[in-house]
file target_32.txt (compact mmCIF, C-alpha atoms and all ligand atoms)
# COMPACT_ATOMS: atom_id res chain seq x y z
CA MET A 1 19.88 -29.84 16.27
CA ARG A 2 17.00 -27.81 14.78
CA ARG A 3 17.02 -24.39 16.40
CA VAL A 4 14.63 -21.47 16.15
CA VAL A 5 14.25 -18.09 17.84
CA CYS A 6 11.05 -16.44 19.13
CA PRO A 7 12.03 -12.76 19.42
CA GLY A 8 10.10 -9.93 21.04
CA SER A 9 9.85 -7.28 23.71
CA PHE A 10 7.68 -9.42 26.01
CA ASP A 11 6.72 -6.41 28.15
CA PRO A 12 4.99 -8.50 29.44
CA ILE A 13 4.55 -11.94 27.90
CA THR A 14 0.90 -12.71 27.04
CA ASN A 15 -0.86 -16.04 26.61
CA GLY A 16 -0.66 -15.41 22.86
CA HIS A 17 3.16 -15.34 23.02
CA LEU A 18 3.20 -18.39 25.26
CA ASP A 19 1.01 -20.31 22.82
CA ILE A 20 3.44 -19.60 19.96
CA ILE A 21 6.47 -20.53 22.11
CA GLY A 22 4.85 -23.81 23.19
CA ARG A 23 3.88 -24.75 19.63
CA ALA A 24 7.40 -23.92 18.38
CA ALA A 25 8.83 -26.07 21.21
CA ARG A 26 6.88 -29.06 19.87
CA LEU A 27 8.30 -28.55 16.35
CA TYR A 28 11.93 -27.71 17.10
CA ASP A 29 14.71 -29.26 19.17
CA GLU A 30 15.59 -25.95 20.78
CA VAL A 31 13.66 -22.67 21.02
CA THR A 32 15.41 -19.52 22.16
CA VAL A 33 13.13 -16.78 23.42
CA ALA A 34 15.12 -13.61 22.69
CA VAL A 35 14.19 -10.44 24.56
CA LEU A 36 15.11 -7.18 22.83
CA ILE A 37 17.11 -4.67 24.87
CA ASN A 38 15.62 -1.46 23.51
CA LEU A 39 17.72 1.51 24.59
CA GLU A 40 15.18 3.98 23.18
CA LYS A 41 12.15 2.66 25.02
CA SER A 42 11.90 1.86 28.71
CA GLY A 43 9.26 -0.73 29.43
CA LEU A 44 6.92 -1.35 32.35
CA PHE A 45 9.21 -4.25 33.32
CA THR A 46 12.99 -4.26 33.05
CA VAL A 47 14.56 -6.70 30.61
CA ASP A 48 15.85 -8.78 33.54
CA GLU A 49 12.38 -8.91 35.10
CA ARG A 50 10.92 -10.04 31.78
CA ILE A 51 13.58 -12.73 31.51
CA GLU A 52 12.84 -14.00 35.01
CA VAL A 53 9.12 -14.19 34.16
CA LEU A 54 9.86 -15.95 30.86
CA HIS A 55 12.01 -18.55 32.65
CA THR A 56 9.18 -19.26 35.08
CA VAL A 57 6.34 -19.48 32.58
CA THR A 58 8.28 -21.65 30.09
CA LYS A 59 9.75 -24.04 32.65
CA GLU A 60 7.46 -26.88 31.51
CA TYR A 61 9.34 -26.85 28.17
CA ALA A 62 12.75 -28.46 28.62
CA ASN A 63 13.91 -27.26 25.18
CA VAL A 64 13.11 -23.55 25.66
CA LYS A 65 15.85 -21.14 26.72
CA VAL A 66 15.67 -17.41 27.32
CA GLN A 67 18.27 -14.80 26.37
CA LYS A 68 18.45 -11.07 25.84
CA PHE A 69 19.90 -9.33 22.80
CA HIS A 70 20.51 -5.90 21.37
CA GLY A 71 21.27 -4.79 17.85
CA LEU A 72 20.09 -6.78 14.87
CA LEU A 73 18.15 -9.98 15.42
CA VAL A 74 19.97 -11.64 12.52
CA ASP A 75 23.33 -10.98 14.23
CA PHE A 76 21.99 -12.68 17.35
CA CYS A 77 20.87 -15.60 15.15
CA LYS A 78 24.31 -15.90 13.53
CA GLN A 79 26.13 -15.70 16.88
CA ASN A 80 23.94 -18.47 18.27
CA ASP A 81 23.79 -20.63 15.14
CA ILE A 82 20.01 -20.21 14.79
CA PRO A 83 18.81 -20.45 11.15
CA ALA A 84 15.18 -19.41 11.59
CA ILE A 85 12.83 -16.97 13.33
CA VAL A 86 9.25 -17.84 14.33
CA LYS A 87 6.68 -15.05 14.39
CA GLY A 88 3.02 -15.21 15.36
CA ILE A 89 0.58 -13.57 12.95
CA ARG A 90 -2.64 -12.32 14.55
CA VAL A 91 -4.23 -10.30 11.77
CA VAL A 92 -3.48 -9.25 8.18
CA SER A 93 -1.83 -6.01 9.32
CA ASP A 94 0.72 -8.08 11.26
CA PHE A 95 1.54 -9.87 8.01
CA ASP A 96 2.15 -6.58 6.15
CA TYR A 97 4.63 -5.48 8.80
CA GLU A 98 6.27 -8.86 9.35
CA LEU A 99 6.68 -9.66 5.65
CA GLN A 100 8.93 -6.64 5.11
CA MET A 101 10.99 -7.50 8.19
CA ALA A 102 11.25 -11.16 7.15
CA GLN A 103 12.43 -10.23 3.66
CA LEU A 104 14.96 -7.74 5.02
CA ASN A 105 16.26 -10.26 7.53
CA TYR A 106 16.64 -12.86 4.77
CA ARG A 107 18.38 -10.37 2.50
CA LEU A 108 20.77 -9.35 5.28
CA SER A 109 21.73 -12.82 6.41
CA GLY A 110 19.85 -15.75 4.87
CA VAL A 111 18.02 -16.28 8.18
CA GLU A 112 14.52 -17.59 7.41
CA THR A 113 11.27 -16.41 9.02
CA LEU A 114 8.36 -18.79 9.61
CA PHE A 115 4.91 -17.40 10.31
CA MET A 116 2.61 -19.21 12.70
CA PRO A 117 -1.06 -18.21 12.84
CA THR A 118 -1.97 -17.07 16.33
CA ASN A 119 -4.54 -19.17 18.14
CA PRO A 120 -7.86 -17.33 17.39
CA GLU A 121 -8.47 -17.27 21.14
CA TYR A 122 -5.65 -14.71 21.36
CA SER A 123 -5.79 -12.90 18.01
CA PHE A 124 -6.91 -9.64 19.64
CA LEU A 125 -4.18 -9.67 22.27
CA SER A 126 -1.10 -7.48 22.62
CA SER A 127 1.19 -6.52 25.49
CA SER A 128 0.27 -2.83 25.10
CA ARG A 129 -3.48 -3.52 25.33
CA VAL A 130 -2.94 -5.75 28.35
CA LYS A 131 -0.99 -2.95 30.10
CA GLU A 132 -3.66 -0.40 29.21
CA ILE A 133 -6.48 -2.58 30.55
CA ALA A 134 -4.57 -3.40 33.74
CA ARG A 135 -3.62 0.27 34.27
CA TYR A 136 -7.29 1.25 34.34
CA GLY A 137 -8.28 -1.59 36.64
CA GLY A 138 -9.64 -3.98 33.99
CA ASP A 139 -9.40 -7.71 34.38
CA VAL A 140 -6.62 -9.35 32.35
CA SER A 141 -6.89 -12.81 33.89
CA GLY A 142 -6.87 -15.47 31.19
CA LEU A 143 -5.01 -13.12 28.84
CA VAL A 144 -1.62 -13.42 30.55
CA PRO A 145 -0.03 -16.11 32.75
CA ASP A 146 -1.15 -15.89 36.41
CA LEU A 147 2.30 -14.70 37.48
CA VAL A 148 2.13 -11.78 35.02
CA HIS A 149 -1.36 -10.93 36.23
CA GLU A 150 -0.07 -10.65 39.81
CA LEU A 151 2.98 -8.63 38.76
CA LEU A 152 0.84 -6.22 36.72
CA ILE A 153 -1.45 -5.53 39.67
CA GLU A 154 1.57 -5.02 41.94
CA ARG A 155 3.47 -2.80 39.49
CA LEU A 156 0.54 -0.63 38.49
CA ARG A 157 -0.62 -0.14 42.05
CA SER A 158 2.73 1.43 43.04
O1 LIG B 1 7.52 -7.72 20.53
P1 LIG B 1 7.98 -6.75 19.46
O2 LIG B 1 8.34 -5.42 20.08
O3 LIG B 1 6.98 -6.62 18.35
O4 LIG B 1 9.32 -7.38 18.85
C1 LIG B 1 9.98 -6.78 17.77
C2 LIG B 1 11.36 -7.40 17.51
C3 LIG B 1 12.20 -7.43 18.76
C4 LIG B 1 11.17 -8.82 17.02
C5 LIG B 1 12.00 -6.53 16.41
O5 LIG B 1 11.88 -5.19 16.76
C6 LIG B 1 13.48 -6.84 16.18
O6 LIG B 1 13.80 -7.88 15.62
N1 LIG B 1 14.35 -5.90 16.63
C7 LIG B 1 15.79 -6.05 16.51
C8 LIG B 1 16.38 -5.07 15.46
C9 LIG B 1 16.25 -5.69 14.10
O7 LIG B 1 16.83 -6.71 13.82
N2 LIG B 1 15.41 -5.06 13.24
C10 LIG B 1 15.02 -5.60 11.96
C11 LIG B 1 15.76 -4.98 10.82
S1 LIG B 1 15.04 -5.62 9.34

call {"tool": "encode", "arguments": {"input": "target_32.txt", "output": "structure tokens"}}
result
Amino acid sequence: MRRVVCPGSFDPITNGHLDIIGRAARLYDEVTVAVLINLEKSGLFTVDERIEVLHTVTKEYANVKVQKFHGLLVDFCKQNDIPAIVKGIRVVSDFDYELQMAQLNYRLSGVETLFMPTNPEYSFLSSSRVKEIARYGGDVSGLVPDLVHELLIERLRS
């Protein structure tokens, strides 16, 4: 069984994330989407809300599962027998940041990191920008799954 993890905060998931998850699901037998529980940073959505959304938007992929984790990603990988991490790279600055993390993760544990170029259609996209646009009434349709679009409008209205 070839396993891989797609880790992130997913607050909320964007179409860029979903594209990477879907492409990983075509390459691997099992993809675990791992949502970081970050005790220092409270998100717009709770971790459980993000997990519920992730379950819904990945349901077309039978080999994708969703879990939460805290602590080191490589410990999560070891506990779940996952030998590799997949990361999307949007721009060169992502590579600078991700390379250091990949090398540290390999040094710590032998867990490999594979970089997947983001679909150019989404290379400008991030969860923080999506939240900012939605907060000021901008249109984020087409940038996030429809469910996320609805939830953003609902959450930011209240
Ligand atoms: O979506 P994000 O916030 O860019 O995801 C970052 C994430 C969760 C992949 C990263 O912060 C992470 O792996 N955190 C877990 C702690 C850890 O393992 N840090 C790396 C030490 S080299």

call {"tool": "residues_around", "arguments": {"input": "target_32.txt", "residues": "region 9-24 of chain A", "least_positions_apart": "6", "cutoff": "6 Å", "atoms": "only C-alpha atoms", "output": "PyMOL selection string"}}
result
chain A and resi 35-36+122+127+143-144

call {"tool": "write_last_selection", "arguments": {"input": "target_32.txt", "atoms": "C-alpha atoms", "output": "PDB file, in the coordinates of the input"}}
result
ATOM      1  CA  VAL A  35      14.190 -10.440  24.560  1.00  0.00           C
ATOM      2  CA  LEU A  36      15.110  -7.180  22.830  1.00  0.00           C
ATOM      3  CA  TYR A 122      -5.650 -14.710  21.360  1.00  0.00           C
ATOM      4  CA  SER A 127       1.190  -6.520  25.490  1.00  0.00           C
ATOM      5  CA  LEU A 143      -5.010 -13.120  28.840  1.00  0.00           C
ATOM      6  CA  VAL A 144      -1.620 -13.420  30.550  1.00  0.00           C
TER       7      VAL A 144
END

call {"tool": "atom_distance", "arguments": {"input": "target_32.txt", "atom1": "CA of Leu125 (chain A)", "atom2": "atom O7 of ligand LIG 1 (chain B)"}}
result
22.8 Å

call {"tool": "closest_residue", "arguments": {"input": "target_32.txt", "among": "A:Val111, A:Ala102, A:Val140, A:Val64", "to": "ligand LIG 1 (chain B)", "atoms": "all atoms listed in the file"}}
result
A:Ala102

call {"tool": "atom_distance", "arguments": {"input": "target_32.txt", "atom1": "CA of Ser109 (chain A)", "atom2": "atom N1 of ligand LIG 1 (chain B)"}}
result
14.4 Å

call {"tool": "closest_residue", "arguments": {"input": "target_32.txt", "among": "A:Val86, A:Leu72, A:Ile51, A:Ala25", "to": "ligand LIG 1 (chain B)", "atoms": "all atoms listed in the file"}}
result
A:Leu72

call {"tool": "residues_around", "arguments": {"input": "target_32.txt", "residues": "Gly137 (chain A)", "least_positions_apart": "2", "cutoff": "12 Å", "atoms": "only C-alpha atoms", "output": "MDAnalysis selection string"}}
result
chainID A and resid 130:135 139:141 149 152:154 156:157

call {"tool": "atom_distance", "arguments": {"input": "target_32.txt", "atom1": "CA of Ile85 (chain A)", "atom2": "CA of Tyr61 (chain A)"}}
result
18.2 Å

call {"tool": "residues_around", "arguments": {"input": "target_32.txt", "residues": "Met101 (chain A)", "least_positions_apart": "5", "cutoff": "12 Å", "atoms": "all atoms listed in the file", "output": "PyMOL selection string"}}
result
chain A and resi 72-74+85+87+94-96+106-108+111-115

call {"tool": "residues_around", "arguments": {"input": "target_32.txt", "residues": "Gly71 (chain A)", "least_positions_apart": "6", "cutoff": "10 Å", "atoms": "all atoms listed in the file", "output": "ChimeraX atom specification"}}
result
/A:36-39

call {"tool": "closest_residue", "arguments": {"input": "target_32.txt", "among": "A:Gly88, A:Gly8, A:Gly43, A:Pro83", "to": "Thr118 (chain A)", "atoms": "only C-alpha atoms"}}
result
A:Gly88

call {"tool": "closest_residue", "arguments": {"input": "target_32.txt", "among": "A:Leu27, A:Leu99, A:Met116, A:Leu151", "to": "ligand LIG 1 (chain B)", "atoms": "only C-alpha atoms and all ligand atoms"}}
result
A:Leu99

call {"tool": "closest_residue", "arguments": {"input": "target_32.txt", "among": "A:Cys6, A:Met1, A:Leu44, A:Val31", "to": "ligand LIG 1 (chain B)", "atoms": "all atoms listed in the file"}}
result
A:Cys6

call {"tool": "closest_residue", "arguments": {"input": "target_32.txt", "among": "A:Arg2, A:His70, A:Arg26, A:Lys59", "to": "ligand LIG 1 (chain B)", "atoms": "only C-alpha atoms and all ligand atoms"}}
result
A:His70

call {"tool": "build_atoms", "arguments": {"input": "target_32.txt", "residues": "region 46-70 of chain A", "atoms": "N, CA, C and O atoms", "output": "compact mmCIF listing (two decimals), in the frame of the given file"}}
result
# COMPACT_ATOMS: atom_id res chain seq x y z
N THR A 46 11.63 -4.30 33.58
CA THR A 46 12.99 -4.26 33.05
C THR A 46 13.23 -5.54 32.25
O THR A 46 12.51 -6.54 32.42
N VAL A 47 14.26 -5.51 31.42
CA VAL A 47 14.56 -6.70 30.61
C VAL A 47 14.85 -7.90 31.53
O VAL A 47 14.39 -9.01 31.27
N ASP A 48 15.55 -7.66 32.63
CA ASP A 48 15.85 -8.78 33.54
C ASP A 48 14.60 -9.32 34.21
O ASP A 48 14.47 -10.53 34.41
N GLU A 49 13.66 -8.44 34.54
CA GLU A 49 12.38 -8.91 35.10
C GLU A 49 11.62 -9.76 34.08
O GLU A 49 11.07 -10.81 34.41
N ARG A 50 11.63 -9.29 32.83
CA ARG A 50 10.92 -10.04 31.78
C ARG A 50 11.55 -11.42 31.60
O ARG A 50 10.86 -12.42 31.40
N ILE A 51 12.88 -11.46 31.69
CA ILE A 51 13.58 -12.73 31.51
C ILE A 51 13.24 -13.69 32.65
O ILE A 51 12.98 -14.88 32.42
N GLU A 52 13.18 -13.16 33.86
CA GLU A 52 12.84 -14.00 35.01
C GLU A 52 11.43 -14.60 34.83
O GLU A 52 11.20 -15.78 35.05
N VAL A 53 10.49 -13.73 34.40
CA VAL A 53 9.12 -14.19 34.16
C VAL A 53 9.10 -15.26 33.06
O VAL A 53 8.47 -16.31 33.20
N LEU A 54 9.83 -15.00 31.98
CA LEU A 54 9.86 -15.95 30.86
C LEU A 54 10.40 -17.30 31.30
O LEU A 54 9.88 -18.35 30.91
N HIS A 55 11.46 -17.28 32.13
CA HIS A 55 12.01 -18.55 32.65
C HIS A 55 10.93 -19.31 33.40
O HIS A 55 10.74 -20.51 33.19
N THR A 56 10.20 -18.60 34.26
CA THR A 56 9.18 -19.26 35.08
C THR A 56 8.05 -19.82 34.22
O THR A 56 7.67 -20.98 34.39
N VAL A 57 7.54 -19.02 33.30
CA VAL A 57 6.34 -19.48 32.58
C VAL A 57 6.65 -20.48 31.46
O VAL A 57 5.73 -21.08 30.91
N THR A 58 7.94 -20.65 31.13
CA THR A 58 8.28 -21.65 30.09
C THR A 58 8.97 -22.87 30.71
O THR A 58 9.50 -23.70 29.97
N LYS A 59 8.94 -22.98 32.04
CA LYS A 59 9.75 -24.04 32.65
C LYS A 59 9.24 -25.45 32.33
O LYS A 59 9.99 -26.40 32.39
N GLU A 60 7.96 -25.55 31.89
CA GLU A 60 7.46 -26.88 31.51
C GLU A 60 8.08 -27.36 30.18
O GLU A 60 7.99 -28.52 29.83
N TYR A 61 8.71 -26.46 29.44
CA TYR A 61 9.34 -26.85 28.17
C TYR A 61 10.84 -26.98 28.37
O TYR A 61 11.55 -25.98 28.51
N ALA A 62 11.33 -28.21 28.35
CA ALA A 62 12.75 -28.46 28.62
C ALA A 62 13.64 -27.90 27.51
O ALA A 62 14.83 -27.64 27.73
N ASN A 63 13.08 -27.71 26.32
CA ASN A 63 13.91 -27.26 25.18
C ASN A 63 13.76 -25.76 24.89
O ASN A 63 14.11 -25.30 23.81
N VAL A 64 13.23 -25.00 25.86
CA VAL A 64 13.11 -23.55 25.66
C VAL A 64 14.15 -22.84 26.53
O VAL A 64 14.25 -23.12 27.73
N LYS A 65 14.95 -21.97 25.92
CA LYS A 65 15.85 -21.14 26.72
C LYS A 65 15.56 -19.66 26.47
O LYS A 65 14.94 -19.31 25.46
N VAL A 66 16.00 -18.83 27.39
CA VAL A 66 15.67 -17.41 27.32
C VAL A 66 16.97 -16.61 27.34
O VAL A 66 17.84 -16.85 28.18
N GLN A 67 17.09 -15.66 26.41
CA GLN A 67 18.27 -14.80 26.37
C GLN A 67 17.85 -13.38 26.02
O GLN A 67 16.75 -13.17 25.51
N LYS A 68 18.73 -12.43 26.29
CA LYS A 68 18.45 -11.07 25.84
C LYS A 68 19.39 -10.74 24.69
O LYS A 68 20.44 -11.36 24.55
N PHE A 69 19.00 -9.74 23.88
CA PHE A 69 19.90 -9.33 22.80
C PHE A 69 19.69 -7.85 22.51
O PHE A 69 18.65 -7.28 22.84
N HIS A 70 20.72 -7.24 21.92
CA HIS A 70 20.51 -5.90 21.37
C HIS A 70 21.15 -5.85 20.00
O HIS A 70 21.91 -6.74 19.62
